[in-house]
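Shown next: target37.cif, given as mmCIF, C-alpha atoms.
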```cif
data_my_file
#
loop_
_atom_site.label_atom_id
_atom_site.label_comp_id
_atom_site.auth_asym_id
_atom_site.auth_seq_id
_atom_site.Cartn_x
_atom_site.Cartn_y
_atom_site.Cartn_z
CA MET M 1 0.00 0.00 0.00
CA LEU M 2 2.85 2.35 0.88
CA VAL M 3 4.69 1.56 -2.35
CA LYS M 4 1.53 2.23 -4.33
CA PHE M 5 1.09 5.60 -2.60
CA LEU M 6 4.73 6.55 -3.24
CA LYS M 7 4.16 5.94 -6.95
CA SER M 8 0.79 7.71 -7.09
CA HIS M 9 0.14 10.89 -8.98
CA GLN M 10 -1.47 12.32 -5.82
CA LEU M 11 1.93 12.30 -4.11
CA MET M 12 3.49 13.96 -7.13
CA GLN M 13 0.79 16.61 -7.09
CA PHE M 14 1.35 17.19 -3.38
CA ILE M 15 5.11 17.56 -3.86
CA ILE M 16 4.84 20.01 -6.75
CA TYR M 17 2.30 22.23 -5.08
CA SER M 18 4.18 21.99 -1.77
CA VAL M 19 7.32 23.24 -3.47
CA ALA M 20 5.33 26.17 -4.89
CA ALA M 21 3.87 26.90 -1.47
CA GLY M 22 7.34 26.66 0.05
CA VAL M 23 8.73 29.19 -2.42
CA LEU M 24 5.88 31.56 -1.61
CA GLY M 25 6.26 30.97 2.12
CA GLY M 26 9.99 31.61 1.94
CA ALA M 27 9.45 34.89 0.13
CA LEU M 28 6.85 35.92 2.72
CA TRP M 29 9.21 35.01 5.55
CA VAL M 30 12.02 37.10 4.10
CA THR M 31 9.64 40.03 3.63
CA PHE M 32 8.25 39.54 7.13
CA GLN M 33 11.66 40.47 8.53
CA TYR M 34 11.02 44.01 7.32
CA VAL M 35 7.52 44.28 8.78
CA ASP M 36 7.09 46.38 11.91
CA PRO M 37 7.01 44.25 15.06
CA LEU M 38 3.78 43.74 16.95
CA PRO M 39 2.86 46.58 19.31
CA PRO M 40 3.43 45.97 23.03
CA SER M 41 0.38 44.62 24.85
CA LYS M 42 1.06 46.85 27.88
CA VAL M 43 2.27 50.44 28.18
CA THR M 44 2.48 52.94 31.04
CA ILE M 45 1.20 56.50 31.19
CA ALA M 46 2.23 59.05 33.84
CA SER M 47 -0.81 61.00 34.98
CA GLY M 48 -0.97 63.06 38.17
CA GLY M 49 -2.46 62.96 41.63
CA PRO M 50 -5.52 60.73 42.24
CA ASN M 51 -7.82 63.77 42.59
CA GLY M 52 -6.59 65.59 39.50
CA ALA M 53 -7.95 65.82 35.98
CA TYR M 54 -4.90 64.10 34.48
CA TYR M 55 -5.51 61.00 36.53
CA GLY M 56 -9.19 60.95 35.61
CA TYR M 57 -8.48 61.25 31.90
CA ALA M 58 -5.71 58.64 32.08
CA GLU M 59 -8.24 56.24 33.61
CA GLN M 60 -10.57 56.93 30.66
CA TYR M 61 -7.70 56.13 28.28
CA ALA M 62 -7.05 52.90 30.17
CA ALA M 63 -10.69 51.87 29.77
CA TYR M 64 -10.50 52.57 26.03
CA PHE M 65 -7.26 50.57 25.75
CA ALA M 66 -8.90 47.64 27.55
CA LYS M 67 -11.77 47.61 25.04
CA GLN M 68 -9.19 47.28 22.25
CA GLY M 69 -7.35 44.41 23.96
CA PHE M 70 -4.42 46.40 25.39
CA GLU M 71 -3.40 47.27 28.93
CA LEU M 72 -2.60 50.85 29.91
CA GLU M 73 -1.04 51.16 33.36
CA VAL M 74 -1.82 54.53 35.00
CA LEU M 75 1.06 55.80 37.10
CA ARG M 76 0.23 58.36 39.79
CA THR M 77 2.67 61.30 39.95
CA LYS M 78 3.03 64.80 41.38
CA GLY M 79 2.08 66.44 38.08
CA SER M 80 3.51 67.71 34.81
CA MET M 81 7.07 68.43 35.93
CA ASP M 82 7.28 65.05 37.63
CA ASN M 83 5.93 63.41 34.47
CA LEU M 84 8.55 65.16 32.38
CA SER M 85 11.40 64.06 34.62
CA ARG M 86 10.15 60.46 34.58
CA MET M 87 10.02 60.39 30.80
CA ALA M 88 13.46 61.96 30.57
CA GLU M 89 15.06 59.08 32.48
CA PRO M 90 16.99 56.88 30.00
CA GLU M 91 15.79 53.61 31.55
CA SER M 92 12.24 54.78 32.22
CA THR M 93 9.36 52.44 31.34
CA VAL M 94 6.92 55.36 31.03
CA ALA M 95 5.81 55.50 27.40
CA ALA M 96 3.38 58.44 27.60
CA ALA M 97 2.37 61.26 29.91
CA LEU M 98 -0.11 64.08 30.29
CA MET M 99 1.69 67.42 30.56
CA GLN M 100 0.86 71.04 30.78
CA GLY M 101 1.91 73.20 27.84
CA GLY M 102 4.90 75.47 28.24
CA ILE M 103 6.78 73.55 30.93
CA THR M 104 9.86 72.95 28.76
CA THR M 105 11.27 73.33 25.25
CA PRO M 106 11.51 70.75 22.45
CA GLU M 107 15.28 71.22 22.26
CA ALA M 108 15.67 70.00 25.82
CA HIS M 109 13.99 66.66 25.06
CA PRO M 110 14.54 65.66 21.42
CA ASP M 111 13.37 62.10 22.08
CA LEU M 112 9.84 63.18 23.00
CA GLU M 113 6.97 64.13 20.72
CA SER M 114 3.46 65.41 21.22
CA LEU M 115 0.34 63.71 19.97
CA GLY M 116 -1.51 66.99 20.30
CA SER M 117 -3.30 69.36 22.65
CA LEU M 118 -6.24 67.91 24.60
CA TYR M 119 -8.11 70.74 26.32
CA TYR M 120 -7.61 74.16 27.85
CA GLU M 121 -6.43 74.30 31.45
CA PRO M 122 -7.47 77.71 32.81
CA VAL M 123 -5.32 79.46 35.39
CA TRP M 124 -7.60 80.39 38.30
CA LEU M 125 -6.52 83.08 40.73
CA PHE M 126 -8.62 83.30 43.90
CA HIS M 127 -7.86 85.88 46.61
CA ARG M 128 -9.29 87.09 49.89
CA LYS M 129 -12.32 89.25 49.45
CA GLY M 130 -11.39 92.88 49.80
CA LEU M 131 -7.78 92.39 48.74
CA LYS M 132 -7.04 95.14 46.24
CA PHE M 133 -4.26 94.81 43.65
CA LYS M 134 -3.73 95.74 40.02
CA GLY M 135 -2.08 93.02 38.00
CA LEU M 136 0.20 90.33 39.32
CA SER M 137 2.83 92.87 40.32
CA GLY M 138 0.45 93.96 43.06
CA LEU M 139 0.92 90.64 44.86
CA LYS M 140 4.25 91.63 46.36
CA GLY M 141 4.32 91.00 50.07
CA ARG M 142 1.39 88.58 49.93
CA ARG M 143 1.11 84.97 51.03
CA ILE M 144 0.60 83.02 47.79
CA ALA M 145 -0.07 79.32 47.22
CA VAL M 146 1.62 78.70 43.87
CA GLY M 147 1.04 74.94 43.55
CA ALA M 148 2.81 71.82 44.71
CA ASP M 149 6.42 71.18 43.78
CA GLY M 150 6.65 69.07 40.65
CA SER M 151 3.39 70.38 39.25
CA GLY M 152 2.89 72.35 36.07
CA THR M 153 0.91 74.88 38.12
CA ALA M 154 3.94 75.83 40.19
CA HIS M 155 6.14 76.09 37.08
CA LEU M 156 3.79 78.42 35.19
CA VAL M 157 2.71 80.52 38.19
CA ARG M 158 6.28 81.14 39.31
CA THR M 159 7.17 82.13 35.72
CA LEU M 160 4.32 84.67 35.54
CA LEU M 161 4.99 86.05 39.01
CA GLU M 162 8.70 86.42 38.35
CA GLU M 163 7.93 88.41 35.20
CA ASN M 164 5.97 90.78 37.44
CA GLY M 165 8.68 91.04 40.06
CA VAL M 166 7.05 88.69 42.56
CA THR M 167 9.65 86.22 43.84
CA ASP M 168 10.57 84.41 47.03
CA GLU M 169 12.36 87.59 48.08
CA THR M 170 9.35 89.90 47.56
CA ALA M 171 6.51 87.61 48.64
CA THR M 172 5.78 84.41 50.52
CA LEU M 173 5.44 81.74 47.84
CA LEU M 174 3.99 78.57 49.33
CA PRO M 175 4.47 75.23 47.48
CA GLU M 176 0.96 73.99 48.22
CA GLY M 177 -1.63 72.44 46.00
CA ALA M 178 -5.17 73.79 45.78
CA GLY M 179 -6.60 70.95 47.84
CA SER M 180 -4.95 71.97 51.12
CA ALA M 181 -4.46 75.65 50.28
CA SER M 182 -8.17 76.26 49.65
CA GLU M 183 -8.98 75.75 53.33
CA LYS M 184 -6.23 78.16 54.33
CA LEU M 185 -7.58 80.77 51.92
CA LEU M 186 -11.07 80.47 53.37
CA LYS M 187 -9.66 80.83 56.89
CA GLY M 188 -7.62 83.85 55.88
CA GLU M 189 -4.29 82.16 56.54
CA ILE M 190 -3.11 82.95 53.00
CA ASP M 191 -3.97 85.80 50.65
CA VAL M 192 -3.88 84.26 47.17
CA LEU M 193 -4.32 80.82 45.66
CA PHE M 194 -3.38 79.78 42.13
CA THR M 195 -4.62 76.59 40.58
CA ILE M 196 -4.74 75.20 37.06
CA ALA M 197 -7.80 73.03 36.63
CA GLY M 198 -10.85 72.33 34.54
CA ILE M 199 -14.09 74.22 34.97
CA ASN M 200 -15.64 71.28 36.81
CA SER M 201 -12.83 71.04 39.35
CA ALA M 202 -14.18 70.56 42.88
CA VAL M 203 -11.80 73.21 44.26
CA VAL M 204 -12.81 75.76 41.62
CA GLN M 205 -16.51 75.14 42.22
CA LYS M 206 -16.04 75.33 45.98
CA LEU M 207 -14.07 78.59 46.02
CA ALA M 208 -16.27 80.26 43.41
CA ALA M 209 -19.29 79.62 45.63
CA GLU M 210 -17.65 81.33 48.63
CA THR M 211 -18.46 84.80 47.37
CA GLY M 212 -18.47 86.20 50.85
CA LYS M 213 -14.87 85.23 51.52
CA VAL M 214 -13.16 84.75 48.15
CA THR M 215 -13.01 86.65 44.86
CA LEU M 216 -12.13 85.21 41.42
CA HIS M 217 -9.58 87.44 39.70
CA SER M 218 -9.99 88.53 36.08
CA PHE M 219 -6.69 88.83 34.18
CA ASP M 220 -6.76 92.29 32.61
CA ARG M 221 -3.43 91.56 30.91
CA ALA M 222 -4.49 88.20 29.49
CA GLU M 223 -3.86 89.30 25.90
CA THR M 224 -0.32 90.33 26.80
CA TYR M 225 0.40 86.99 28.45
CA ALA M 226 -1.00 85.11 25.44
CA ARG M 227 1.18 87.07 23.04
CA THR M 228 4.38 86.74 25.06
CA HIS M 229 3.81 83.05 25.83
CA HIS M 230 2.52 81.30 22.74
CA TYR M 231 1.44 78.26 24.70
CA LEU M 232 -1.12 80.43 26.55
CA THR M 233 -4.59 81.30 25.26
CA LYS M 234 -6.92 84.07 26.38
CA LEU M 235 -10.29 82.68 27.50
CA THR M 236 -13.54 84.29 28.55
CA LEU M 237 -15.72 82.82 31.27
CA PRO M 238 -19.25 84.19 30.75
CA PRO M 239 -21.54 85.17 33.63
CA GLY M 240 -23.07 82.03 35.13
CA GLY M 241 -20.38 79.89 33.50
CA LEU M 242 -19.64 78.10 36.75
CA ASP M 243 -23.15 77.99 38.19
CA LEU M 244 -26.20 79.25 36.29
CA ILE M 245 -28.57 78.90 39.23
CA ASN M 246 -26.43 81.02 41.55
CA ASP M 247 -25.11 83.20 38.73
CA LEU M 248 -21.44 82.40 39.33
CA PRO M 249 -19.53 84.37 38.36
CA ALA M 250 -21.81 87.38 38.34
CA GLU M 251 -19.65 89.16 35.76
CA GLU M 252 -17.54 88.09 32.81
CA VAL M 253 -14.07 86.89 33.84
CA THR M 254 -11.00 86.85 31.62
CA LEU M 255 -8.66 83.90 32.11
CA ILE M 256 -5.44 82.60 30.59
CA ALA M 257 -4.85 78.94 29.88
CA PRO M 258 -2.18 76.57 28.65
CA ALA M 259 -3.33 73.42 26.87
CA ALA M 260 -2.86 69.93 28.26
CA ASN M 261 -0.65 67.83 26.00
CA LEU M 262 -0.42 64.11 25.41
CA VAL M 263 3.30 63.36 25.14
CA VAL M 264 4.90 60.07 24.05
CA ARG M 265 8.35 58.72 23.43
CA GLU M 266 9.47 59.08 19.84
CA ASP M 267 10.21 55.34 19.58
CA LEU M 268 6.78 54.25 20.81
CA HIS M 269 5.10 51.82 18.39
CA ALA M 270 3.05 53.64 15.77
CA ALA M 271 -0.04 51.54 16.48
CA ILE M 272 0.03 52.56 20.16
CA LYS M 273 0.33 56.22 19.15
CA TYR M 274 -2.82 55.84 17.06
CA LEU M 275 -4.52 54.08 19.96
CA PHE M 276 -3.70 57.02 22.25
CA LEU M 277 -5.06 59.44 19.64
CA LEU M 278 -8.29 57.47 19.32
CA ALA M 279 -8.65 57.37 23.11
CA ALA M 280 -8.00 61.13 23.34
CA ASP M 281 -10.52 61.82 20.60
CA GLU M 282 -13.18 59.91 22.52
CA ALA M 283 -12.33 61.58 25.84
CA HIS M 284 -11.92 65.19 24.69
CA GLY M 285 -13.87 65.47 21.45
CA LYS M 286 -17.15 66.49 23.09
CA GLY M 287 -15.92 69.97 24.01
CA ASP M 288 -16.58 72.05 27.15
CA MET M 289 -17.21 75.64 28.22
CA PHE M 290 -14.08 76.85 26.45
CA ALA M 291 -13.96 74.55 23.41
CA ARG M 292 -16.56 73.61 20.83
CA PRO M 293 -17.21 69.92 20.03
CA GLY M 294 -14.52 68.50 17.77
CA GLN M 295 -12.04 71.28 18.56
CA PHE M 296 -9.82 68.94 20.58
CA PRO M 297 -7.57 67.07 20.27
CA ASN M 298 -5.68 69.28 17.83
CA SER M 299 -2.18 70.27 16.75
CA ASP M 300 -2.26 73.78 18.26
CA ALA M 301 -0.05 74.70 21.22
CA ALA M 302 1.84 71.40 21.06
CA LEU M 303 4.52 71.11 23.72
CA PHE M 304 6.80 69.06 21.44
CA PRO M 305 6.87 68.56 17.65
CA LEU M 306 4.13 66.30 16.32
CA GLY M 307 5.09 62.86 15.05
CA ASP M 308 4.01 61.59 11.64
CA GLU M 309 1.10 59.66 13.13
CA ALA M 310 -0.24 62.73 14.93
CA LYS M 311 0.13 64.94 11.85
CA SER M 312 -1.79 62.44 9.76
CA PHE M 313 -4.47 61.97 12.43
CA HIS M 314 -5.13 65.69 12.89
CA LYS M 315 -5.19 66.30 9.14
CA ASN M 316 -7.06 63.26 7.84
CA GLY M 317 -8.50 61.50 10.88
CA PRO M 318 -7.80 57.85 11.76
CA PRO M 319 -6.26 55.58 9.10
CA PHE M 320 -8.80 54.06 6.72
CA LEU M 321 -8.73 50.56 8.22
CA MET M 322 -9.14 51.84 11.79
CA ARG M 323 -12.38 53.55 10.81
CA TYR M 324 -14.13 50.37 9.79
CA LEU M 325 -12.33 47.46 11.48
CA PRO M 326 -11.67 46.55 15.11
CA PHE M 327 -8.33 48.03 16.16
CA GLN M 328 -6.53 44.69 16.55
CA ILE M 329 -7.58 43.55 13.07
CA ALA M 330 -6.80 46.94 11.55
CA ILE M 331 -3.21 47.04 12.81
CA THR M 332 -2.63 43.42 11.77
CA VAL M 333 -3.80 44.13 8.22
CA GLU M 334 -1.86 47.40 8.18
CA ARG M 335 1.44 45.84 9.22
CA LEU M 336 1.06 42.95 6.79
CA LYS M 337 0.45 45.16 3.76
CA ILE M 338 4.12 44.88 2.91
CA LEU M 339 3.61 41.14 2.45
CA LEU M 340 1.37 41.87 -0.53
CA ILE M 341 4.44 42.78 -2.57
CA PRO M 342 5.98 39.28 -2.74
CA LEU M 343 2.53 37.72 -2.63
CA LEU M 344 1.37 39.49 -5.77
CA THR M 345 4.80 39.22 -7.41
CA LEU M 346 5.03 35.45 -6.98
CA LEU M 347 1.42 34.30 -7.10
CA PHE M 348 0.93 35.04 -10.80
CA PRO M 349 4.04 33.21 -12.08
CA LEU M 350 3.42 30.36 -9.64
CA PHE M 351 -0.12 29.96 -10.95
CA LYS M 352 1.29 30.02 -14.49
CA ILE M 353 4.12 27.56 -13.83
CA THR M 354 2.79 25.05 -11.29
CA PRO M 355 -0.07 23.45 -13.32
CA PRO M 356 2.10 22.99 -16.45
CA ALA M 357 4.87 21.54 -14.28
CA TYR M 358 2.41 19.04 -12.83
CA ARG M 359 1.09 18.11 -16.29
CA TRP M 360 4.65 17.71 -17.56
CA GLN M 361 5.47 15.31 -14.73
CA ILE M 362 2.38 13.23 -15.43
CA ARG M 363 3.10 13.02 -19.16
CA ARG M 364 6.73 12.24 -18.38
CA ARG M 365 5.55 9.18 -16.45
CA ILE M 366 3.85 7.92 -19.58
CA PHE M 367 6.34 9.00 -22.22
CA LYS M 368 9.26 7.29 -20.51
CA TRP M 369 7.57 4.00 -21.51
CA TYR M 370 7.47 5.13 -25.13
CA LYS M 371 11.24 5.46 -25.03
CA GLN M 372 11.59 1.81 -23.98
CA LEU M 373 8.85 0.75 -26.39
CA LYS M 374 10.61 2.40 -29.30
CA ARG M 375 13.83 0.58 -28.41
CA LEU M 376 11.96 -2.75 -28.30
CA ASP M 377 10.14 -1.96 -31.54
CA THR M 378 13.42 -1.26 -33.34
CA LYS M 379 14.89 -4.45 -31.96
CA ALA M 380 11.77 -6.44 -32.98
CA TYR M 381 12.31 -5.61 -36.69
CA GLU M 382 15.71 -7.25 -36.54
CA LEU M 383 14.61 -10.38 -34.69
CA THR M 384 14.73 -13.73 -36.45
CA ASP M 385 15.26 -15.99 -33.47
CA LYS M 386 12.06 -17.37 -31.90
CA LYS M 387 13.78 -17.68 -28.53
CA GLU M 388 14.58 -13.95 -28.54
CA ALA M 389 11.00 -13.26 -29.67
CA ARG M 390 9.61 -15.14 -26.66
CA LYS M 391 11.95 -13.16 -24.39
CA MET M 392 10.68 -9.92 -25.87
CA LEU M 393 7.10 -11.07 -25.40
CA ARG M 394 7.78 -11.54 -21.72
CA GLN M 395 9.24 -8.03 -21.57
CA LEU M 396 6.19 -6.62 -23.35
CA VAL M 397 3.78 -8.38 -20.99
CA ALA M 398 5.71 -7.00 -17.99
CA MET M 399 5.74 -3.54 -19.52
CA ASP M 400 2.00 -3.71 -20.20
CA LYS M 401 1.35 -4.56 -16.56
CA MET M 402 3.55 -1.76 -15.26
CA VAL M 403 1.93 0.73 -17.64
CA LEU M 404 -1.50 -0.35 -16.41
CA GLU M 405 -0.38 0.21 -12.80
CA THR M 406 1.03 3.67 -13.53
CA SER M 407 -0.91 6.20 -11.44
CA VAL M 408 -2.27 9.10 -13.50
CA PRO M 409 -5.37 11.30 -13.21
CA LEU M 410 -8.46 10.10 -15.07
CA SER M 411 -8.00 12.86 -17.63
CA TYR M 412 -4.73 11.17 -18.72
CA THR M 413 -5.96 7.58 -19.03
CA ASP M 414 -6.27 7.97 -22.81
CA TYR M 415 -2.46 8.20 -22.90
CA ILE M 416 -2.25 4.95 -20.92
CA TYR M 417 -4.57 3.03 -23.22
CA SER M 418 -2.94 4.43 -26.33
CA LEU M 419 0.42 3.20 -25.03
CA ARG M 420 -1.02 -0.23 -24.26
CA LEU M 421 -2.39 -0.47 -27.81
CA HIS M 422 1.08 0.20 -29.17
CA ILE M 423 2.52 -2.44 -26.85
CA ARG M 424 -0.12 -4.88 -28.10
CA MET M 425 0.80 -4.19 -31.73
CA ILE M 426 4.39 -5.29 -31.11
CA GLN M 427 3.16 -8.28 -29.07
CA GLN M 428 1.07 -9.45 -32.00
CA ARG M 429 4.05 -9.22 -34.33
CA MET M 430 6.17 -11.26 -31.92
CA GLU M 431 3.38 -13.84 -31.53
CA ARG M 432 3.19 -14.31 -35.33
CA MET M 433 6.92 -14.81 -35.41
CA VAL M 434 6.77 -17.40 -32.64
CA GLY M 435 3.81 -19.08 -34.36
CA ASN M 436 2.05 -22.03 -32.80
CA ASP M 437 4.88 -22.47 -30.29
CA ALA M 438 3.51 -19.41 -28.53
CA ASP M 439 0.79 -21.68 -27.16
CA GLY M 440 3.29 -24.05 -25.63
CA ASP M 441 4.94 -24.18 -22.24
CA ASP M 442 7.12 -21.24 -23.06
CA ASN M 443 4.17 -19.01 -23.91
CA PRO M 444 4.96 -15.79 -22.00
CA VAL M 445 1.33 -14.68 -22.05
CA ALA M 446 0.03 -17.81 -20.35
#
```
What is this file in structure tokens?
Amino acid sequence: MLVKFLKSHQLMQFIIYSVAAGVLGGALWVTFQYVDPLPPSKVTIASGGPNGAYYGYAEQYAAYFAKQGFELEVLRTKGSMDNLSRMAEPESTVAAALMQGGITTPEAHPDLESLGSLYYEPVWLFHRKGLKFKGLSGLKGRRIAVGADGSGTAHLVRTLLEENGVTDETATLLPEGAGSASEKLLKGEIDVLFTIAGINSAVVQKLAAETGKVTLHSFDRAETYARTHHYLTKLTLPPGGLDLINDLPAEEVTLIAPAANLVVREDLHAAIKYLFLLAADEAHGKGDMFARPGQFPNSDAALFPLGDEAKSFHKNGPPFLMRYLPFQIAITVERLKILLIPLLTLLFPLFKITPPAYRWQIRRRIFKWYKQLKRLDTKAYELTDKKEARKMLRQLVAMDKMVLETSVPLSYTDYIYSLRLHIRMIQQRMERMVGNDADGDDNPVA
């Protein structure tokens, strides 16, 4: 049974088509070496304190990542400056971070890039009711909570105060966050509190409601700050913008605001960059008091240069496949596109060559017998000896049997029977030469 299978045309067919498949597979394997590796299944993002907006948005990103089959670890930090220092560490495992605009320069961190701005972060200045001052320069000699060390709030507030001559030498600058400093402001233990937060921040809502003790400052030089610091934007908070029922604030307030940025390492996998952009679009695309729907994320006020993925996303939206396919499938198809080159290059010639090669092998099985038959036929014309004729008859009978057992597809059986007819013609000539003796004991056909 095994011998029969080894001689079958099915085995030949399997071998030929396996060789073709092997050639194609080899070409795909070589090409696969140039395909981008799979994206990591887990990445880490530096956020902020557990009560801050950065942490809340990072948790939203993590939920989006989980829906797409990836894990995003949210790392709690002290804020933007802490996030920046963590990403700057050569051996850091932090792949992304939320940062406040304007905290550094691109030249200082060439290995980082921005995926875009996410939302405005207004600078809120609350002070004791009755405290009179004109501009930030009027805060000299005051007790000022400028934000916790390591936060973007402290970095920006100290920059603005220093420009107005308010420093540690001319005022009492306290490195306290809004959470603890708000109580001190209400008790009169400090004069001024700065915080950078969203409009729905609990601290902002709380202090704005304390109209009997605290006043929200309107930046009359907001346009100047926006022009001298291009990462700042002048914003207008309309009356009732914080609380319509209680009409807070009662008058229009002018604010300044940097934009929160989503920052990643330059060498982060492109697919993960797109996943961050998709998560940011879902989290920030609805808009708020200061931004219309669809305004964020965008490429304005980027802390670092945009990468190619971010440029494409902000200009054209998500890649075509990511719009219509699940993310995992989309990135798999995207990264395997390069394999289409050898696939299309080899498939056509393989389809052209393989079937003829198979047919040639089948016909070769049959035609090799014609070569032997022709040799016997030529020899038969020269035979005069009956003993040699009987020997040839035995050879012809053996050949006829082997030809009959030759494995070919049904579509080639006409070749087999044509060959057997030719064998029979020579047999008949040999039988006439042998004569009646062919029926004797030496009859090779018996």
Between CA of Lys337 in chain M and CA of Ala21 in chain M - distance in Å to one decimal: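 These atoms are spaced 19.3 Å apart.
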Counting all atoms listed in the file, the residue of M:His127, M:Lys387, M:Arg363, M:His155 that sits nearest Val192 in chain M: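 Checking each candidate against Val192 in chain M, we get M:His127 as the closest.
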Find the axis-aligned box for range 102-110 of chain M, covering all its listed atoms and adding 3 Å on each side, and write its centre and edge lengths in Å to one decimal as AutoDock Vina command-line options.
```
--center_x 10.3 --center_y 70.6 --center_z 26.2 --size_x 16.8 --size_y 15.8 --size_z 15.5
```
Range 214-227 of chain M environment, 6 Å, all atoms listed in the file, sequence neighbours closer than 4 positions dropped, as a ChimeraX atom specification: /M:125-129,210,232-234,253-256
Non-local contacts of Glu163 in chain M (9 Å; all atoms listed in the file; under 4 positions in same chain excluded) as a list in words: Leu136, Ser137, Arg158 and Thr159 of chain M
Residue members of the PyMOL selection byres ((chain M and resi 119) around 6) in the file shown, as a PyMOL selection string: chain M and resi 118+120+259-260
Resolved residues for the PyMOL selection byres ((chain M and resi 150-153) around 8) as a list in words: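 Going through the file, the PyMOL selection byres ((chain M and resi 150-153) around 8) ends up selecting Lys78, Gly79, Ser80, Met81, Asp82, Met99, Gln100, Ile103, Val146, Gly147, Ala148, Asp149, Ala154, His155, Leu156, Val157, Phe194, Thr195 and Ile196 of chain M.
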Pairwise distance for CA of Ala96 in chain M and CA of Ala46 in chain M, rounded to one decimal in Å: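 A separation of 6.4 Å between them.
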Closest of M:Pro249, M:Gly141, M:Gly179, M:Pro319 to Glu334 in chain M - atom-to-atom distances counting only C-alpha atoms: M:Pro319
d(CA of Leu383 in chain M, CA of Tyr417 in chain M) in Å: 26.1 Å
Selected residue of minimal separation from Leu115 in chain M among M:Leu303, M:Val408, M:Val434, M:Pro356, counting all atoms listed in the file: M:Leu303
Test item: the PyMOL selection byres ((chain M and resi 280) around 10) resolved as a list in words: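 When the PyMOL selection byres ((chain M and resi 280) around 10) is applied to the shown file, the picked residues are Tyr57, Ala58, Gln60, Tyr61, Tyr64, Leu115, Gly116, Ser117, Leu118, Leu262, Tyr274, Leu275, Phe276, Leu277, Leu278, Ala279, Asp281, Glu282, Ala283, His284, Gly285, Phe296 and Pro297 of chain M.
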Residues as selected, C-alpha atoms, written as a PDB file, keeping the file's coordinate frame, can you do that?
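This went into part.pdb:
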```pdb
ATOM      1  CA  TYR M  57      -8.480  61.250  31.900  1.00  0.00           C
ATOM      2  CA  ALA M  58      -5.710  58.640  32.080  1.00  0.00           C
ATOM      3  CA  GLN M  60     -10.570  56.930  30.660  1.00  0.00           C
ATOM      4  CA  TYR M  61      -7.700  56.130  28.280  1.00  0.00           C
ATOM      5  CA  TYR M  64     -10.500  52.570  26.030  1.00  0.00           C
ATOM      6  CA  LEU M 115       0.340  63.710  19.970  1.00  0.00           C
ATOM      7  CA  GLY M 116      -1.510  66.990  20.300  1.00  0.00           C
ATOM      8  CA  SER M 117      -3.300  69.360  22.650  1.00  0.00           C
ATOM      9  CA  LEU M 118      -6.240  67.910  24.600  1.00  0.00           C
ATOM     10  CA  LEU M 262      -0.420  64.110  25.410  1.00  0.00           C
ATOM     11  CA  TYR M 274      -2.820  55.840  17.060  1.00  0.00           C
ATOM     12  CA  LEU M 275      -4.520  54.080  19.960  1.00  0.00           C
ATOM     13  CA  PHE M 276      -3.700  57.020  22.250  1.00  0.00           C
ATOM     14  CA  LEU M 277      -5.060  59.440  19.640  1.00  0.00           C
ATOM     15  CA  LEU M 278      -8.290  57.470  19.320  1.00  0.00           C
ATOM     16  CA  ALA M 279      -8.650  57.370  23.110  1.00  0.00           C
ATOM     17  CA  ASP M 281     -10.520  61.820  20.600  1.00  0.00           C
ATOM     18  CA  GLU M 282     -13.180  59.910  22.520  1.00  0.00           C
ATOM     19  CA  ALA M 283     -12.330  61.580  25.840  1.00  0.00           C
ATOM     20  CA  HIS M 284     -11.920  65.190  24.690  1.00  0.00           C
ATOM     21  CA  GLY M 285     -13.870  65.470  21.450  1.00  0.00           C
ATOM     22  CA  PHE M 296      -9.820  68.940  20.580  1.00  0.00           C
ATOM     23  CA  PRO M 297      -7.570  67.070  20.270  1.00  0.00           C
TER      24      PRO M 297
END
```
Near-Glu59 in chain M list (10 Å; all atoms listed in the file; drop same-chain fewer than 2 positions) as a PyMOL selection string: chain M and resi 45+47+53-57+61-65+72-75
Nearest-residue call for Thr406 in chain M, choices M:Ile362, M:Gly435, M:Pro90, M:Gln427, using only C-alpha atoms: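 Under the stated criterion, the closest residue is M:Ile362.
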